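Enquirer: Contents of upload.tsv (TSV, C-alpha atoms (C1' of nucleotides)) are given next:
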chain	number	residue	atom	x	y	z
A	1	MET	CA	-14.91	22.70	-83.99
A	2	ARG	CA	-16.14	25.55	-81.83
A	3	VAL	CA	-19.33	27.25	-83.00
A	4	PRO	CA	-19.57	30.90	-81.92
A	5	ALA	CA	-22.99	31.85	-80.60
A	6	HIS	CA	-23.46	34.87	-82.87
A	7	THR	CA	-22.92	33.03	-86.15
A	8	GLY	CA	-26.33	31.49	-86.58
A	9	PHE	CA	-24.88	28.02	-86.06
A	10	ALA	CA	-25.54	28.27	-82.33
A	11	ASP	CA	-28.31	25.69	-82.30
A	12	VAL	CA	-26.44	23.06	-84.24
A	13	PRO	CA	-26.56	19.73	-82.42
A	14	ALA	CA	-23.44	17.64	-82.00
A	15	GLU	CA	-24.15	15.55	-85.09
A	16	GLY	CA	-24.70	18.77	-87.02
A	17	VAL	CA	-21.26	20.02	-86.05
A	18	SER	CA	-19.66	16.81	-87.25
A	19	LEU	CA	-21.62	17.22	-90.48
A	20	LEU	CA	-20.16	20.70	-90.93
A	21	GLU	CA	-16.71	19.28	-90.28
A	22	ALA	CA	-17.29	16.68	-92.97
A	23	VAL	CA	-18.38	19.32	-95.46
A	24	ALA	CA	-15.33	21.41	-94.63
A	25	ALA	CA	-13.13	18.39	-95.27
A	26	ARG	CA	-14.77	17.79	-98.66
A	27	ALA	CA	-14.36	21.44	-99.53
A	28	ARG	CA	-10.65	21.28	-98.73
A	29	GLU	CA	-10.29	18.20	-100.91
A	30	LEU	CA	-11.70	20.12	-103.85
A	31	LEU	CA	-8.98	22.75	-103.66
A	32	GLY	CA	-6.52	22.01	-106.44
A	33	ALA	CA	-8.94	19.60	-108.12
A	34	THR	CA	-9.65	20.03	-111.82
A	35	LEU	CA	-13.04	20.68	-113.38
A	36	VAL	CA	-13.19	19.97	-117.10
A	37	ALA	CA	-16.06	21.31	-119.18
A	38	ASP	CA	-16.62	20.08	-122.74
A	39	ARG	CA	-19.12	22.36	-124.39
A	40	ASP	CA	-19.86	22.93	-128.06
A	41	GLY	CA	-16.67	21.18	-129.03
A	42	MET	CA	-14.66	23.45	-126.75
A	43	ARG	CA	-12.74	22.14	-123.78
A	44	VAL	CA	-12.03	24.39	-120.83
A	45	ALA	CA	-10.24	23.07	-117.76
A	46	LEU	CA	-10.21	24.79	-114.41
A	47	ARG	CA	-7.94	24.30	-111.43
A	48	ILE	CA	-10.10	25.06	-108.40
A	49	THR	CA	-8.56	27.65	-106.11
A	50	GLU	CA	-11.46	28.83	-103.93
A	51	VAL	CA	-14.49	27.05	-102.44
A	52	GLU	CA	-17.20	27.46	-99.83
A	53	GLY	CA	-18.99	24.74	-97.90
A	54	TYR	CA	-22.73	24.72	-97.22
A	55	GLY	CA	-24.03	22.53	-94.46
A	56	GLY	CA	-27.59	21.70	-95.47
A	57	PRO	CA	-30.17	21.33	-92.72
A	58	HIS	CA	-28.02	22.92	-90.02
A	59	ASP	CA	-26.75	25.86	-92.05
A	60	PRO	CA	-29.12	28.86	-92.23
A	61	ALA	CA	-27.20	30.14	-95.24
A	62	SER	CA	-27.74	26.94	-97.21
A	63	HIS	CA	-30.40	26.70	-99.87
A	64	ALA	CA	-31.30	23.31	-98.42
A	65	TYR	CA	-31.91	24.74	-94.95
A	66	ARG	CA	-35.68	24.85	-95.39
A	67	GLY	CA	-36.12	21.55	-97.13
A	68	PRO	CA	-36.55	20.54	-100.78
A	69	SER	CA	-37.90	22.93	-103.40
A	70	ALA	CA	-37.91	23.17	-107.18
A	71	ARG	CA	-34.69	25.14	-107.14
A	72	ASN	CA	-32.58	23.08	-104.77
A	73	ALA	CA	-33.81	19.63	-105.79
A	74	ALA	CA	-30.38	18.64	-107.10
A	75	MET	CA	-28.88	19.10	-103.65
A	76	PHE	CA	-31.06	16.27	-102.43
A	77	GLY	CA	-29.85	14.03	-105.23
A	78	PRO	CA	-26.75	11.86	-105.44
A	79	PRO	CA	-23.32	13.29	-104.48
A	80	TRP	CA	-20.68	14.35	-106.98
A	81	HIS	CA	-23.37	15.82	-109.17
A	82	ALA	CA	-23.85	19.45	-110.10
A	83	TYR	CA	-26.16	21.90	-108.38
A	84	VAL	CA	-26.53	25.04	-110.49
A	85	TYR	CA	-28.70	27.97	-109.45
A	86	ARG	CA	-29.40	31.52	-110.54
A	87	HIS	CA	-28.64	34.35	-108.23
A	88	MET	CA	-29.52	38.05	-108.37
A	89	GLY	CA	-31.51	37.42	-111.50
A	90	LEU	CA	-28.69	37.00	-113.95
A	91	HIS	CA	-25.75	35.27	-112.28
A	92	THR	CA	-25.29	31.52	-112.42
A	93	CYS	CA	-23.36	29.66	-109.73
A	94	PHE	CA	-22.03	26.10	-109.69
A	95	ASN	CA	-21.88	23.73	-106.72
A	96	VAL	CA	-20.64	20.21	-106.26
A	97	VAL	CA	-23.25	18.22	-104.36
A	98	VAL	CA	-21.55	16.52	-101.44
A	99	ALA	CA	-24.10	14.34	-99.74
A	100	VAL	CA	-22.79	13.42	-96.32
A	101	ASP	CA	-24.84	10.65	-94.75
A	102	GLY	CA	-27.64	11.42	-97.18
A	103	THR	CA	-28.02	15.03	-96.13
A	104	PRO	CA	-28.09	17.79	-98.76
A	105	THR	CA	-24.74	19.51	-98.45
A	106	GLY	CA	-22.76	21.19	-101.16
A	107	VAL	CA	-19.59	23.03	-102.02
A	108	LEU	CA	-19.77	26.24	-104.01
A	109	ILE	CA	-16.91	26.58	-106.46
A	110	ARG	CA	-16.03	30.24	-106.15
A	111	ALA	CA	-12.92	30.65	-108.26
A	112	GLY	CA	-10.21	28.89	-110.21
A	113	GLU	CA	-7.40	29.13	-112.69
A	114	ILE	CA	-8.08	28.31	-116.33
A	115	ILE	CA	-5.42	25.77	-117.24
A	116	ASP	CA	-6.75	24.72	-120.65
A	117	GLY	CA	-8.93	26.45	-123.23
A	118	VAL	CA	-8.06	29.97	-122.08
A	119	ASP	CA	-9.05	31.39	-125.46
A	120	HIS	CA	-12.52	29.84	-125.24
A	121	ALA	CA	-12.99	31.12	-121.71
A	122	ARG	CA	-11.85	34.61	-122.65
A	123	ARG	CA	-14.22	34.70	-125.63
A	124	ARG	CA	-17.20	33.66	-123.52
A	125	ARG	CA	-16.36	36.21	-120.85
A	126	ALA	CA	-15.77	38.97	-123.37
A	127	ALA	CA	-19.23	38.38	-124.76
A	128	ARG	CA	-20.74	39.35	-121.41
A	129	GLY	CA	-18.43	42.11	-120.31
A	130	ALA	CA	-14.89	43.35	-120.35
A	131	THR	CA	-12.11	41.26	-118.91
A	132	ARG	CA	-8.77	42.79	-118.28
A	133	ARG	CA	-6.54	40.08	-116.87
A	134	ASP	CA	-6.50	36.34	-117.35
A	135	THR	CA	-6.59	35.85	-113.60
A	136	ASP	CA	-10.07	37.43	-113.60
A	137	LEU	CA	-11.51	34.91	-116.06
A	138	ALA	CA	-12.89	32.69	-113.31
A	139	ALA	CA	-12.35	34.85	-110.21
A	140	GLY	CA	-15.88	34.60	-108.83
A	141	PRO	CA	-18.63	31.96	-108.89
A	142	ALA	CA	-20.68	33.49	-111.70
A	143	ARG	CA	-17.61	34.40	-113.77
A	144	LEU	CA	-16.49	30.83	-113.47
A	145	THR	CA	-19.70	29.41	-114.92
A	146	VAL	CA	-19.52	31.79	-117.86
A	147	ALA	CA	-15.91	30.85	-118.56
A	148	LEU	CA	-16.75	27.14	-118.49
A	149	GLY	CA	-20.04	27.46	-120.37
A	150	ILE	CA	-22.05	26.00	-117.48
A	151	THR	CA	-25.78	26.78	-117.49
A	152	LEU	CA	-28.85	26.05	-115.38
A	153	ALA	CA	-29.46	23.05	-117.62
A	154	ASP	CA	-26.45	21.40	-116.00
A	155	THR	CA	-28.09	21.17	-112.59
A	156	GLY	CA	-28.33	17.58	-111.45
A	157	ALA	CA	-25.77	16.43	-114.01
A	158	PRO	CA	-23.17	13.86	-112.97
A	159	LEU	CA	-19.56	15.00	-112.89
A	160	ASP	CA	-18.09	11.79	-114.28
A	161	GLY	CA	-17.75	13.08	-117.82
A	162	SER	CA	-20.94	11.51	-119.19
A	163	SER	CA	-22.58	14.93	-119.44
A	164	GLY	CA	-19.55	16.90	-120.56
A	165	LEU	CA	-18.56	17.86	-117.03
A	166	THR	CA	-15.70	16.02	-115.37
A	167	LEU	CA	-14.33	16.46	-111.87
A	168	LEU	CA	-10.79	15.16	-111.43
A	169	PRO	CA	-9.40	14.82	-107.90
A	170	ARG	CA	-6.29	16.66	-106.94
A	171	THR	CA	-3.21	14.58	-107.64
A	172	GLY	CA	-0.38	16.23	-105.73
A	173	ALA	CA	-0.02	17.18	-102.11
A	174	ALA	CA	-2.56	19.42	-100.41
A	175	PRO	CA	-1.92	23.06	-101.30
A	176	ARG	CA	-1.27	25.67	-98.65
A	177	THR	CA	-4.81	26.52	-97.61
A	178	ALA	CA	-6.21	29.69	-96.08
A	179	VAL	CA	-9.50	29.71	-94.17
A	180	GLY	CA	-12.03	32.46	-93.63
A	181	PRO	CA	-15.69	33.42	-93.40
A	182	ARG	CA	-17.95	33.04	-96.40
A	183	ILE	CA	-18.49	35.97	-98.70
A	184	GLY	CA	-21.78	37.67	-99.45
A	185	VAL	CA	-23.62	35.45	-97.00
A	186	GLY	CA	-25.98	37.32	-94.74
A	187	LYS	CA	-26.42	34.58	-92.19
A	188	ALA	CA	-23.68	32.69	-90.43
A	189	ALA	CA	-21.14	34.89	-92.16
A	190	ASP	CA	-18.66	34.68	-89.33
A	191	PHE	CA	-18.31	30.96	-89.51
A	192	PRO	CA	-15.15	29.92	-91.38
A	193	MET	CA	-16.40	27.75	-94.21
A	194	ARG	CA	-14.48	29.34	-97.06
A	195	PHE	CA	-11.19	27.88	-98.21
A	196	TRP	CA	-8.75	29.08	-100.78
A	197	ILE	CA	-5.23	28.38	-101.96
A	198	ASP	CA	-3.08	30.84	-100.10
A	199	GLY	CA	-1.50	33.47	-102.30
A	200	ASP	CA	-3.15	32.30	-105.53
A	201	PRO	CA	-3.90	35.28	-107.81
A	202	THR	CA	-7.11	33.78	-109.18
A	203	VAL	CA	-9.11	33.81	-105.93
A	204	SER	CA	-11.85	36.42	-105.71
A	205	ARG	CA	-11.20	39.20	-103.28
T	206	DA	C1'	-51.27	38.33	-104.37
T	207	DA	C1'	-47.48	41.29	-102.73
T	208	DA	C1'	-43.17	42.03	-100.46
T	209	DT	C1'	-38.36	41.17	-99.69
T	210	DA	C1'	-33.88	39.39	-99.16
T	211	DG	C1'	-30.22	37.63	-101.75
T	212	DA	C1'	-24.10	31.89	-102.06
T	213	DT	C1'	-22.95	38.77	-107.42
T	214	DT	C1'	-20.82	41.50	-110.98
T	215	DA	C1'	-19.28	45.46	-113.45
T	216	DG	C1'	-18.45	50.19	-113.72
T	217	DC	C1'	-17.22	54.36	-111.84
T	218	DT	C1'	-14.76	57.47	-108.23
C	219	DG	C1'	-13.89	51.10	-102.22
C	220	DC	C1'	-18.93	51.98	-103.33
C	221	DT	C1'	-23.26	51.54	-105.77
C	222	DA	C1'	-26.55	50.30	-109.30
C	223	DA	C1'	-28.47	46.71	-111.93
C	224	DT	C1'	-31.68	43.04	-111.98
C	225	DC	C1'	-35.21	38.99	-111.14
C	226	DT	C1'	-36.20	34.89	-108.75
C	227	DA	C1'	-37.42	31.90	-104.92
C	228	DT	C1'	-39.30	32.13	-100.70
C	229	DT	C1'	-41.90	34.32	-97.16
C	230	DT	C1'	-45.82	36.85	-95.47
C	231	DA	C1'	-50.68	38.82	-95.71
Will you turn the file into structure tokens for me?
Expert:
Amino acid sequence: MRVPAHTGFADVPAEGVSLLEAVAARARELLGATLVADRDGMRVALRITEVEGYGGPHDPASHAYRGPSARNAAMFGPPWHAYVYRHMGLHTCFNVVVAVDGTPTGVLIRAGEIIDGVDHARRRRAARGATRRDTDLAAGPARLTVALGITLADTGAPLDGSSGLTLLPRTGAAPRTAVGPRIGVGKAADFPMRFWIDGDPTVSR
DNA sequence: AAATAGATTAGCT
DNA sequence: GCTAATCTATTTA
């Protein structure tokens, strides 16, 4: 993996680059996986179509870049748990913690297709703003959390179903995947760490 | 104690 | 496509 000098990853040591590769691999695995949220007796299932990797200590765009804090504590916890944070005051975003060799790395779930509980998702989204098309229900990290009913209280929760959140691995073959730079990231924006299912209508722009 | 940048969204042109 | 809204965590004095 070549690391362009202007991306902010320039000082990543060799083991850091392999760490980024590992995160990218985990992110790719999550494409096509299913996230099931059981909330208030309502089940909403999401087929993940867009993700972004965050490389912890070597990634200046990662929340874990500057070490542990009250906000990012969950990233330093066990893998396959949730890391939920608030952004821009009101928006809530959901990550899957992917500890690689004990380092705090994560994958931001940016978008997906609602495959079960569409009515519940639409109702939740309608309560916070207008939604025109079904493909927009979870087309964006904060939209996704609203559709699934995920809140800050879910941070640190396991994704094995014991807390109402279940992550099911993709079953079929790997989908056709597109790669690009991360979105809305000020630092290291040119580094391709964003993956989405090529041609899927539910990915954010 | 104060400043500031930010893993965004919705609404309008 | 472009901009306002909106507030928190982290950084700086």
Enquirer: For CA of Thr135 in chain A and CA of Thr105 in chain A, determine how far apart the two atoms are, in Å to one decimal place.
Expert: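 We find that CA of Thr135 in chain A and CA of Thr105 in chain A lie 28.7 Å from each other.
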Enquirer: Quick one: residues within 9 Å of range 59-66 of chain A, only C-alpha atoms (C1' of nucleotides) counted, chain neighbours fewer than 2 positions away excluded, as a PyMOL selection string?
Expert: (chain A and resi 8-9+12+16+20+54-57+68-69+71-73+75-76+104-106+185-189) or (chain T and resi 212)
Enquirer: Please, which residues of chain T lie no more than 8 Å from chain A when the count uses all atoms listed in the file, and can they be set out as an MDAnalysis selection string?
Expert: chainID T and resid 211:213 215
Enquirer: Could those selected residues go to a file with C-alpha atoms (C1' of nucleotides), as a PDB file, keeping the file's coordinate frame?
Expert:
ATOM      1  C1'  DG T 211     -30.220  37.630-101.750  1.00  0.00           C
ATOM      2  C1'  DA T 212     -24.100  31.890-102.060  1.00  0.00           C
ATOM      3  C1'  DT T 213     -22.950  38.770-107.420  1.00  0.00           C
ATOM      4  C1'  DA T 215     -19.280  45.460-113.450  1.00  0.00           C
TER       5       DA T 215
END
Enquirer: Need to verify the contact set: DT218 in chain T, 12 Å, all atoms listed in the file, exclusion of same-chain residues closer than 5 positions in sequence. Can you return it as a ChimeraX atom specification?
Expert: /C:219-221
Enquirer: Quick one: everything within 10 Å of range 149-164 of chain A, counting all atoms listed in the file, minus sequence neighbours fewer than 2 positions away in the same chain. Send it as a ChimeraX atom specification.
Expert: /A:35-44,71-86,91-97,120-121,124-125,142-147,166-168
Enquirer: Counting only C-alpha atoms (C1' of nucleotides), which residues from chain C have an atom at most 9 Å from any atom of chain A, and could you show them as a list in words?
Expert: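 Here they are: DT224, DC225, DT226 and DA227 of chain C.
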Enquirer: Could you tell me how far CA of Pro192 in chain A sits from C1' of DT209 in chain T, in Å to one decimal place?
Expert: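 If I compute the distance from C1' of DT209 in chain T to CA of Pro192 in chain A, I get 27.1 Å.
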Enquirer: For DA222 in chain C, list every protein, DNA or RNA residue within 12 Å, evaluated using all atoms listed in the file, and leave out those in the same chain fewer than 4 positions away; present the list as number ranges by chain.
Expert: T: 214-217
Enquirer: One decimal, Å: what's the distance from CA of Ile48 in chain A over to CA of Ile197 in chain A, could you say?
Expert: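 Going from CA of Ile48 in chain A over to CA of Ile197 in chain A covers 8.7 Å.
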Enquirer: Using only C-alpha atoms (C1' of nucleotides), which protein or nucleic acid residues come within 12 Å of DA208 in chain T? Drop anything in the same chain fewer than 6 positions from it, and give the result as a ChimeraX atom specification.
Expert: /C:228-231
